[in-house]
Amino acid sequence: QVRLVESGGGSVQAGGSLRLSCVPSDSTYHSYCLAWFRQAPGKEREGVAGIDSSGRAIYADSVKGRFTISKENALNSLYLQMESLKPEDTGMYYCAAIIPTCAHATYVLRTSAYNFWGQGTQVTVSS
């Protein structure tokens with residue numbers, strides 16, 4: 001079990017910024033890798049950003065150049081800095097964990113690769 005707690009969501013206008021945080025707790029696993037996903041109303045959950053098995057950051061095409069993923073090793077926390085937000089970035093943002101290591105780049109943004117999910121934090125971008 002890995003309990004993931006997301007925070008940092010909110011409502012902003014287009015062009016604004018937000019920083020999301022994912023803090024794991026109550027983990028029975030010593031090794032796992034985290035990533036960010038999002039789900040807009042009426043749409044499937046999609047990968048946003050993650051870290052692959054080589055340590056590289058992987059981004060969805062729709063967020064490249066605007067979003068930056070980072071991690072804090074001491075807490076094994078993951079962050080998502082979102083800049084130049086657009087209305088189409090609106091959705092529930094989820095943190096997910098894969099056991100025990102990061103996935104190959106091909107699978108980093110696939111929901112099926114992840115074992116545990118947080119409850120999500122809402123991001124709303126108005127035009």
# chains A, B, ... in the order shown; residues from 1 in each chain; ligands from 1
>>> residues_around(residues="A:Ile69", least_positions_apart="3", cutoff="12 Å", atoms="only C-alpha atoms", output="ChimeraX atom specification")
/A:19-22,34-37,48-52,55-60,63-66,72,77-83,95
>>> residues_around(residues="A:Ala97", least_positions_apart="3", cutoff="7 Å", atoms="only C-alpha atoms", output="PyMOL selection string")
chain A and resi 32-35+114-117
>>> residues_around(residues="A:Ser31", least_positions_apart="3", cutoff="10 Å", atoms="only C-alpha atoms", output="mmCIF file with N, CA, C and O atoms, in the first residue's frame")
data_model
loop_
_atom_site.group_PDB
_atom_site.id
_atom_site.type_symbol
_atom_site.label_atom_id
_atom_site.label_comp_id
_atom_site.auth_asym_id
_atom_site.auth_seq_id
_atom_site.Cartn_x
_atom_site.Cartn_y
_atom_site.Cartn_z
ATOM 1 N N SER A 27 3.465 4.150 3.514
ATOM 2 C CA SER A 27 3.862 3.191 2.489
ATOM 3 C C SER A 27 4.451 1.936 3.104
ATOM 4 O O SER A 27 5.289 2.000 4.006
ATOM 5 N N THR A 28 4.009 0.803 2.598
ATOM 6 C CA THR A 28 4.590 -0.472 3.018
ATOM 7 C C THR A 28 5.692 -0.890 2.051
ATOM 8 O O THR A 28 6.288 -1.953 2.219
ATOM 9 N N ASN A 76 10.687 11.614 -0.947
ATOM 10 C CA ASN A 76 10.176 10.901 -2.108
ATOM 11 C C ASN A 76 8.914 11.575 -2.637
ATOM 12 O O ASN A 76 8.003 10.903 -3.126
ATOM 13 N N ALA A 97 1.529 5.902 -8.244
ATOM 14 C CA ALA A 97 2.778 5.235 -7.893
ATOM 15 C C ALA A 97 2.879 3.893 -8.589
ATOM 16 O O ALA A 97 1.898 3.146 -8.678
ATOM 17 N N ILE A 98 4.066 3.597 -9.074
ATOM 18 C CA ILE A 98 4.359 2.289 -9.655
ATOM 19 C C ILE A 98 5.420 1.630 -8.795
ATOM 20 O O ILE A 98 6.377 2.267 -8.355
ATOM 21 N N ILE A 99 5.201 0.335 -8.535
ATOM 22 C CA ILE A 99 6.100 -0.461 -7.698
ATOM 23 C C ILE A 99 6.926 -1.381 -8.587
ATOM 24 O O ILE A 99 6.363 -2.059 -9.448
ATOM 25 N N PRO A 100 8.219 -1.573 -8.349
ATOM 26 C CA PRO A 100 9.061 -0.870 -7.380
ATOM 27 C C PRO A 100 9.893 0.259 -7.988
ATOM 28 O O PRO A 100 10.494 1.044 -7.257
ATOM 29 N N THR A 101 9.961 0.322 -9.326
ATOM 30 C CA THR A 101 10.806 1.345 -9.956
ATOM 31 C C THR A 101 10.054 2.047 -11.077
ATOM 32 O O THR A 101 8.976 1.624 -11.484
ATOM 33 N N CYS A 102 10.666 3.103 -11.593
ATOM 34 C CA CYS A 102 10.050 3.848 -12.675
ATOM 35 C C CYS A 102 9.912 2.972 -13.919
ATOM 36 O O CYS A 102 10.714 2.085 -14.181
#
>>> residues_around(residues="A:Arg3", least_positions_apart="3", cutoff="7 Å", atoms="only C-alpha atoms", output="list in words")
Pro24, Ser25, Asp26, Ser27 and Gly118 of chain A
>>> write_last_selection(atoms="C-alpha atoms", output="PDB file, in the first residue's frame")
ATOM      1  CA  PRO A  24       3.489   9.685  -0.127  1.00  0.00           C
ATOM      2  CA  SER A  25       2.692   8.342   3.317  1.00  0.00           C
ATOM      3  CA  ASP A  26       1.881   5.088   5.073  1.00  0.00           C
ATOM      4  CA  SER A  27       3.862   3.191   2.489  1.00  0.00           C
ATOM      5  CA  GLY A 118      -4.217   9.465  -4.846  1.00  0.00           C
TER       6      GLY A 118
END
>>> atom_distance(atom1="atom CA of A:Thr90", atom2="atom CA of A:Tyr107")
23.5 Å
>>> closest_residue(among="A:Thr106, A:Gln122, A:Thr111, A:Ser53", to="A:Gly9", atoms="only C-alpha atoms")
A:Gln122
>>> select_by_dssp(residues="chain A", states="strand (DSSP E)", output="PyMOL selection string")
chain A and resi 3-7+10-13+18-25+33-39+46-51+57-59+67-72+77-82+91-98+116-117+121-126
>>> closest_residue(among="A:Thr124, A:Ser17, A:Ser54, A:Gln1", to="A:Pro41", atoms="only C-alpha atoms")
A:Thr124
>>> decode(residues="stretch 88-124 of chain A", atoms="N, CA, C and O atoms", output="PDB file, in the first residue's frame")
ATOM      1  N   GLU A  88      -7.975  24.237 -21.283  1.00  0.00           N
ATOM      2  CA  GLU A  88      -7.965  22.803 -21.529  1.00  0.00           C
ATOM      3  C   GLU A  88      -7.114  22.020 -20.525  1.00  0.00           C
ATOM      4  O   GLU A  88      -7.098  20.790 -20.555  1.00  0.00           O
ATOM      5  N   ASP A  89      -6.410  22.706 -19.655  1.00  0.00           N
ATOM      6  CA  ASP A  89      -5.689  22.032 -18.573  1.00  0.00           C
ATOM      7  C   ASP A  89      -6.607  21.730 -17.384  1.00  0.00           C
ATOM      8  O   ASP A  89      -6.190  21.076 -16.424  1.00  0.00           O
ATOM      9  N   THR A  90      -7.825  22.199 -17.445  1.00  0.00           N
ATOM     10  CA  THR A  90      -8.780  21.972 -16.363  1.00  0.00           C
ATOM     11  C   THR A  90      -9.051  20.487 -16.173  1.00  0.00           C
ATOM     12  O   THR A  90      -9.224  19.754 -17.145  1.00  0.00           O
ATOM     13  N   GLY A  91      -9.081  20.067 -14.914  1.00  0.00           N
ATOM     14  CA  GLY A  91      -9.379  18.674 -14.605  1.00  0.00           C
ATOM     15  C   GLY A  91      -8.915  18.313 -13.216  1.00  0.00           C
ATOM     16  O   GLY A  91      -8.349  19.135 -12.493  1.00  0.00           O
ATOM     17  N   MET A  92      -9.177  17.069 -12.872  1.00  0.00           N
ATOM     18  CA  MET A  92      -8.675  16.533 -11.607  1.00  0.00           C
ATOM     19  C   MET A  92      -7.287  15.964 -11.869  1.00  0.00           C
ATOM     20  O   MET A  92      -7.119  15.150 -12.785  1.00  0.00           O
ATOM     21  N   TYR A  93      -6.338  16.374 -11.064  1.00  0.00           N
ATOM     22  CA  TYR A  93      -4.969  15.915 -11.226  1.00  0.00           C
ATOM     23  C   TYR A  93      -4.650  14.878 -10.162  1.00  0.00           C
ATOM     24  O   TYR A  93      -4.860  15.108  -8.966  1.00  0.00           O
ATOM     25  N   TYR A  94      -4.135  13.749 -10.628  1.00  0.00           N
ATOM     26  CA  TYR A  94      -3.855  12.624  -9.749  1.00  0.00           C
ATOM     27  C   TYR A  94      -2.368  12.297  -9.729  1.00  0.00           C
ATOM     28  O   TYR A  94      -1.699  12.354 -10.759  1.00  0.00           O
ATOM     29  N   CYS A  95      -1.914  11.912  -8.579  1.00  0.00           N
ATOM     30  CA  CYS A  95      -0.581  11.354  -8.425  1.00  0.00           C
ATOM     31  C   CYS A  95      -0.727   9.842  -8.401  1.00  0.00           C
ATOM     32  O   CYS A  95      -1.689   9.308  -7.829  1.00  0.00           O
ATOM     33  N   ALA A  96       0.214   9.145  -9.032  1.00  0.00           N
ATOM     34  CA  ALA A  96       0.160   7.691  -9.090  1.00  0.00           C
ATOM     35  C   ALA A  96       1.539   7.120  -8.791  1.00  0.00           C
ATOM     36  O   ALA A  96       2.560   7.756  -9.069  1.00  0.00           O
ATOM     37  N   ALA A  97       1.529   5.902  -8.244  1.00  0.00           N
ATOM     38  CA  ALA A  97       2.778   5.235  -7.893  1.00  0.00           C
ATOM     39  C   ALA A  97       2.879   3.893  -8.589  1.00  0.00           C
ATOM     40  O   ALA A  97       1.898   3.146  -8.678  1.00  0.00           O
ATOM     41  N   ILE A  98       4.066   3.597  -9.074  1.00  0.00           N
ATOM     42  CA  ILE A  98       4.359   2.289  -9.655  1.00  0.00           C
ATOM     43  C   ILE A  98       5.420   1.630  -8.795  1.00  0.00           C
ATOM     44  O   ILE A  98       6.377   2.267  -8.355  1.00  0.00           O
ATOM     45  N   ILE A  99       5.201   0.335  -8.535  1.00  0.00           N
ATOM     46  CA  ILE A  99       6.100  -0.461  -7.698  1.00  0.00           C
ATOM     47  C   ILE A  99       6.926  -1.381  -8.587  1.00  0.00           C
ATOM     48  O   ILE A  99       6.363  -2.059  -9.448  1.00  0.00           O
ATOM     49  N   PRO A 100       8.219  -1.573  -8.349  1.00  0.00           N
ATOM     50  CA  PRO A 100       9.061  -0.870  -7.380  1.00  0.00           C
ATOM     51  C   PRO A 100       9.893   0.259  -7.988  1.00  0.00           C
ATOM     52  O   PRO A 100      10.494   1.044  -7.257  1.00  0.00           O
ATOM     53  N   THR A 101       9.961   0.322  -9.326  1.00  0.00           N
ATOM     54  CA  THR A 101      10.806   1.345  -9.956  1.00  0.00           C
ATOM     55  C   THR A 101      10.054   2.047 -11.077  1.00  0.00           C
ATOM     56  O   THR A 101       8.976   1.624 -11.484  1.00  0.00           O
ATOM     57  N   CYS A 102      10.666   3.103 -11.593  1.00  0.00           N
ATOM     58  CA  CYS A 102      10.050   3.848 -12.675  1.00  0.00           C
ATOM     59  C   CYS A 102       9.912   2.972 -13.919  1.00  0.00           C
ATOM     60  O   CYS A 102      10.714   2.085 -14.181  1.00  0.00           O
ATOM     61  N   ALA A 103       8.885   3.257 -14.674  1.00  0.00           N
ATOM     62  CA  ALA A 103       8.616   2.493 -15.888  1.00  0.00           C
ATOM     63  C   ALA A 103       9.520   2.931 -17.034  1.00  0.00           C
ATOM     64  O   ALA A 103      10.100   4.011 -17.022  1.00  0.00           O
ATOM     65  N   HIS A 104       9.612   2.069 -18.027  1.00  0.00           N
ATOM     66  CA  HIS A 104      10.293   2.441 -19.266  1.00  0.00           C
ATOM     67  C   HIS A 104       9.549   3.627 -19.855  1.00  0.00           C
ATOM     68  O   HIS A 104       8.343   3.786 -19.660  1.00  0.00           O
ATOM     69  N   ALA A 105      10.264   4.446 -20.615  1.00  0.00           N
ATOM     70  CA  ALA A 105       9.684   5.667 -21.174  1.00  0.00           C
ATOM     71  C   ALA A 105       8.373   5.404 -21.916  1.00  0.00           C
ATOM     72  O   ALA A 105       7.450   6.213 -21.896  1.00  0.00           O
ATOM     73  N   THR A 106       8.287   4.257 -22.559  1.00  0.00           N
ATOM     74  CA  THR A 106       7.091   3.924 -23.345  1.00  0.00           C
ATOM     75  C   THR A 106       5.842   3.848 -22.473  1.00  0.00           C
ATOM     76  O   THR A 106       4.730   4.103 -22.939  1.00  0.00           O
ATOM     77  N   TYR A 107       6.026   3.497 -21.197  1.00  0.00           N
ATOM     78  CA  TYR A 107       4.882   3.221 -20.333  1.00  0.00           C
ATOM     79  C   TYR A 107       4.648   4.279 -19.258  1.00  0.00           C
ATOM     80  O   TYR A 107       3.674   4.189 -18.518  1.00  0.00           O
ATOM     81  N   VAL A 108       5.521   5.259 -19.161  1.00  0.00           N
ATOM     82  CA  VAL A 108       5.450   6.223 -18.061  1.00  0.00           C
ATOM     83  C   VAL A 108       4.101   6.918 -17.976  1.00  0.00           C
ATOM     84  O   VAL A 108       3.591   7.172 -16.888  1.00  0.00           O
ATOM     85  N   LEU A 109       3.498   7.239 -19.098  1.00  0.00           N
ATOM     86  CA  LEU A 109       2.246   7.994 -19.098  1.00  0.00           C
ATOM     87  C   LEU A 109       1.021   7.112 -19.323  1.00  0.00           C
ATOM     88  O   LEU A 109      -0.054   7.615 -19.670  1.00  0.00           O
ATOM     89  N   ARG A 110       1.167   5.835 -19.087  1.00  0.00           N
ATOM     90  CA  ARG A 110       0.037   4.917 -19.237  1.00  0.00           C
ATOM     91  C   ARG A 110      -0.570   4.610 -17.870  1.00  0.00           C
ATOM     92  O   ARG A 110       0.128   4.167 -16.962  1.00  0.00           O
ATOM     93  N   THR A 111      -1.856   4.800 -17.732  1.00  0.00           N
ATOM     94  CA  THR A 111      -2.505   4.560 -16.452  1.00  0.00           C
ATOM     95  C   THR A 111      -2.356   3.108 -16.014  1.00  0.00           C
ATOM     96  O   THR A 111      -2.233   2.823 -14.816  1.00  0.00           O
ATOM     97  N   SER A 112      -2.328   2.199 -16.962  1.00  0.00           N
ATOM     98  CA  SER A 112      -2.274   0.773 -16.636  1.00  0.00           C
ATOM     99  C   SER A 112      -0.959   0.362 -15.980  1.00  0.00           C
ATOM    100  O   SER A 112      -0.875  -0.716 -15.393  1.00  0.00           O
ATOM    101  N   ALA A 113       0.053   1.206 -16.063  1.00  0.00           N
ATOM    102  CA  ALA A 113       1.349   0.850 -15.491  1.00  0.00           C
ATOM    103  C   ALA A 113       1.419   1.087 -13.987  1.00  0.00           C
ATOM    104  O   ALA A 113       2.329   0.591 -13.330  1.00  0.00           O
ATOM    105  N   TYR A 114       0.465   1.797 -13.410  1.00  0.00           N
ATOM    106  CA  TYR A 114       0.555   2.261 -12.030  1.00  0.00           C
ATOM    107  C   TYR A 114      -0.311   1.458 -11.086  1.00  0.00           C
ATOM    108  O   TYR A 114      -1.395   1.006 -11.432  1.00  0.00           O
ATOM    109  N   ASN A 115       0.209   1.289  -9.863  1.00  0.00           N
ATOM    110  CA  ASN A 115      -0.409   0.411  -8.888  1.00  0.00           C
ATOM    111  C   ASN A 115      -1.293   1.152  -7.873  1.00  0.00           C
ATOM    112  O   ASN A 115      -2.247   0.582  -7.363  1.00  0.00           O
ATOM    113  N   PHE A 116      -0.925   2.387  -7.542  1.00  0.00           N
ATOM    114  CA  PHE A 116      -1.651   3.123  -6.502  1.00  0.00           C
ATOM    115  C   PHE A 116      -1.940   4.540  -6.967  1.00  0.00           C
ATOM    116  O   PHE A 116      -1.144   5.141  -7.695  1.00  0.00           O
ATOM    117  N   TRP A 117      -3.062   5.077  -6.485  1.00  0.00           N
ATOM    118  CA  TRP A 117      -3.510   6.400  -6.915  1.00  0.00           C
ATOM    119  C   TRP A 117      -3.943   7.237  -5.717  1.00  0.00           C
ATOM    120  O   TRP A 117      -4.481   6.717  -4.745  1.00  0.00           O
ATOM    121  N   GLY A 118      -3.703   8.551  -5.842  1.00  0.00           N
ATOM    122  CA  GLY A 118      -4.217   9.465  -4.846  1.00  0.00           C
ATOM    123  C   GLY A 118      -5.658   9.838  -5.142  1.00  0.00           C
ATOM    124  O   GLY A 118      -6.237   9.370  -6.122  1.00  0.00           O
ATOM    125  N   GLN A 119      -6.212  10.698  -4.291  1.00  0.00           N
ATOM    126  CA  GLN A 119      -7.606  11.130  -4.445  1.00  0.00           C
ATOM    127  C   GLN A 119      -7.761  12.272  -5.440  1.00  0.00           C
ATOM    128  O   GLN A 119      -8.872  12.547  -5.897  1.00  0.00           O
ATOM    129  N   GLY A 120      -6.672  12.938  -5.756  1.00  0.00           N
ATOM    130  CA  GLY A 120      -6.707  13.997  -6.750  1.00  0.00           C
ATOM    131  C   GLY A 120      -6.845  15.383  -6.162  1.00  0.00           C
ATOM    132  O   GLY A 120      -7.304  15.563  -5.028  1.00  0.00           O
ATOM    133  N   THR A 121      -6.436  16.366  -6.947  1.00  0.00           N
ATOM    134  CA  THR A 121      -6.606  17.768  -6.601  1.00  0.00           C
ATOM    135  C   THR A 121      -7.125  18.483  -7.841  1.00  0.00           C
ATOM    136  O   THR A 121      -6.625  18.269  -8.944  1.00  0.00           O
ATOM    137  N   GLN A 122      -8.141  19.320  -7.656  1.00  0.00           N
ATOM    138  CA  GLN A 122      -8.820  19.935  -8.786  1.00  0.00           C
ATOM    139  C   GLN A 122      -8.079  21.176  -9.277  1.00  0.00           C
ATOM    140  O   GLN A 122      -7.696  22.044  -8.480  1.00  0.00           O
ATOM    141  N   VAL A 123      -7.918  21.250 -10.589  1.00  0.00           N
ATOM    142  CA  VAL A 123      -7.349  22.431 -11.239  1.00  0.00           C
ATOM    143  C   VAL A 123      -8.391  22.979 -12.205  1.00  0.00           C
ATOM    144  O   VAL A 123      -8.896  22.242 -13.051  1.00  0.00           O
ATOM    145  N   THR A 124      -8.719  24.247 -12.044  1.00  0.00           N
ATOM    146  CA  THR A 124      -9.693  24.885 -12.923  1.00  0.00           C
ATOM    147  C   THR A 124      -9.068  26.139 -13.514  1.00  0.00           C
ATOM    148  O   THR A 124      -8.616  27.014 -12.777  1.00  0.00           O
TER     149      THR A 124
END
